[in-house]
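*Asks:* Once you've had a glance at the structure underneath, I'll fire off some questions.
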Amino acid sequence: MVLCPESAHGTNPATAAFANYRVEDIPATAEGRVDLAALKARLGPDVAAVMITNPNTCGLFERDFREIADAVHAAGAFVYCDGANFNAIVGKVRPGDLGVDAMHINLHKTFSTPHGGGGPGSGPVVLSEALKDFAPLPFVRKTGETYELVEQEERDGRGPSFGRMAAFHGQMGMFTRALTYILSHGADGLQQVAEDAVLNANYILRSCEDLLHAPFGASGPCMHEALFGDKDFGDGLSTLDLAKSLIDEGYHPMTMYFPLVVHGAMLVEPTETESKVSLDQFIAALRGVAERAKAGDQSMKQAPYYAPRRRLDETLAARKPVLAWTPAEE
């Protein structure tokens with residue numbers, strides 16, 4: 001059994017299920033964080049691990065993470081942390097100090113890699129002392145001032161390792177780009193990355209919460225992302241209508257309908273790279289379409305009007321993609 005809080009990324013329960021574990025949800029509190037009491041009550045000998053995204057998908061830092069980790073370890077289980085939102089705490093928090101046993105440090109957002117193009121699925125997986133012997137081959141070992149590439153299990157004799165990885169190791173170009181980004185910033189620069197990312201997200205949250213429903217706005221400052229819902233939209237309008245209308249304003253829509261704990265969720269992640277000018281332009285556009293949605297502007301149901309393609313059926317496109325162009329018959 002693997003436990004996954006409601007505020008975790010959907011990839012967490014999906015990964016556990018793919019590995020043939022049973023998955024059980026842990027509810028969130030009213031303020032959008034892990035329900036610590038519910039988690040502790042569910043721990044037992046049948047639980048192998050807890051998979052947590054921190055900061056979580058509600059844009060909030062899990063303040064009880066250390067207590068969660070201690071309880072999980074006391075039950076004989078391990079703690080996995082999804083590092084997709086690491087850009088809010090890089091240079092500020094050491095995951096090992098939180099009791100994390102395994103963490104996938106996704107390169108996207110935090111280390112300059114965009115979503116897609118090998119981004120979200122790429123990044124190193126780091127392990128705690130308790131799990132280091134299970135790491136796969138090959139790996140690099142430092143002895144004195146020299147480094148050795150260990151490629152054969154029998155040379156190392158570690159035993160518990162699950163063996164040599166034969167599959168694709170990730171997007172090498174993204175690794176090189178991320179390393180260059182890290183070295184160019186340095187330790188102080190990476191701290192500023194977190195500060196600017198959090199500042200930008202809070203600027204958007206506080207600039208729009210009077211118009212858009214911000215379900216966790218009262219839970220304190222958000223971290224890397226501002227989360228809104230479609231509450232109070234008029235005459236059957238939804239998040240999809242707002243998102244399609246944003247295309248006409250020149251913006252690619254934000255992440256929609258995720259996390260599932262918020263109805264009509266709109267997840268805005270500005271990252272540290274946006275200037276105040278660009279944020280103000282986006283905020284003006286978002287407020288404009290939000291005002292139309294609250295007023296029940298039915299023309300939004302046909303948006304976008306000015307894109308090369310009108311409203312597409314994304315579900316059908318994903319399930320039955322047309323992968324080759326065929327010229328029209330004359």
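Identifiers for the structure tokens are assigned positionally: chains receive A, B, ... in sequence, residues are indexed from 1 per chain, and ligands are indexed from 1 in the order shown.
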List as a tab-separated table every residue of segment 22-128 of chain A that is in contact with segment 201-225 of chain A, defined as an atom at most 9 Å from one of its atoms (using only C-alpha atoms), together with the nearest atom pair and the distance in Å rounded to one decimal, sorted by chain and then rising number.

*Replies:*
```
residue	atom	partner	partner_atom	distance
A:Ala30	CA	A:Phe216	CA	8.4
A:Glu31	CA	A:Ser219	CA	5.6
A:Gly32	CA	A:Phe216	CA	6.6
A:Pro55	CA	A:Met223	CA	7.0
A:Asn56	CA	A:Met223	CA	8.9
A:Thr57	CA	A:Glu225	CA	8.3
A:Cys58	CA	A:Phe216	CA	7.6
A:Gly59	CA	A:Glu225	CA	5.1
A:Leu60	CA	A:Cys222	CA	5.4
A:Phe61	CA	A:Met223	CA	6.8
A:Asn85	CA	A:His224	CA	7.0
A:Phe86	CA	A:His224	CA	8.6
A:Asn87	CA	A:His224	CA	7.0
A:Ala88	CA	A:His224	CA	5.1
A:Ile89	CA	A:Met223	CA	8.3
```

*Asks:* So which residues touch segment 68-81 of chain A within 6 Å, counting only C-alpha atoms, skipping near sequence neighbours fewer than 2 positions away, as an MDAnalysis selection string?

*Replies:* chainID A and resid 44 48:53 65:66 99:103

*Asks:* So how far away is atom CA of Met1 of chain A from atom CA of Val23 of chain A, in Å?

*Replies:*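 Distance reported for this atom pair: 5.7 Å.
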
*Asks:* Excluding segment 180-187 of chain A and its own-chain neighbours fewer than 3 positions away, which residues fall within 8 Å of it when counting only C-alpha atoms? Please give them as a ChimeraX atom specification.

*Replies:* /A:91,111-112,176-177,190-191

*Asks:* Which of these residues is nearest to Leu237 of chain A, using only C-alpha atoms: A:Ala293, A:Ala265, A:Leu107, A:Ala284?

*Replies:*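 Closest candidate: A:Ala293.
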
*Asks:* Which is closest to Ala307 of chain A among A:His252, A:Arg141, A:Arg292, A:Lys276, if we use only C-alpha atoms?

*Replies:*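 Closest to Ala307 of chain A, using only C-alpha atoms: A:His252.
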
*Asks:* May I ask which of the residues A:Arg164, A:Gly229, A:Asp280, A:Lys244 is the closest one to Val261 of chain A, counting only C-alpha atoms?

*Replies:*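 Checking each candidate against Val261 of chain A, we get A:Gly229 as the closest.
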
*Asks:* From the list A:Asp232, A:Glu272, A:Glu249, A:Glu329, which residue is nearest Glu291 of chain A when using only C-alpha atoms?

*Replies:*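 Answer, going by the shortest atom-to-atom distance: A:Asp232.
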
*Asks:* For a quick check of understanding, using only C-alpha atoms, which of A:Val322, A:Val125, A:Leu36, A:Ala197 has the smallest distance to Val268 of chain A?

*Replies:*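 The shortest atom-to-atom distance to Val268 of chain A comes from A:Ala197.
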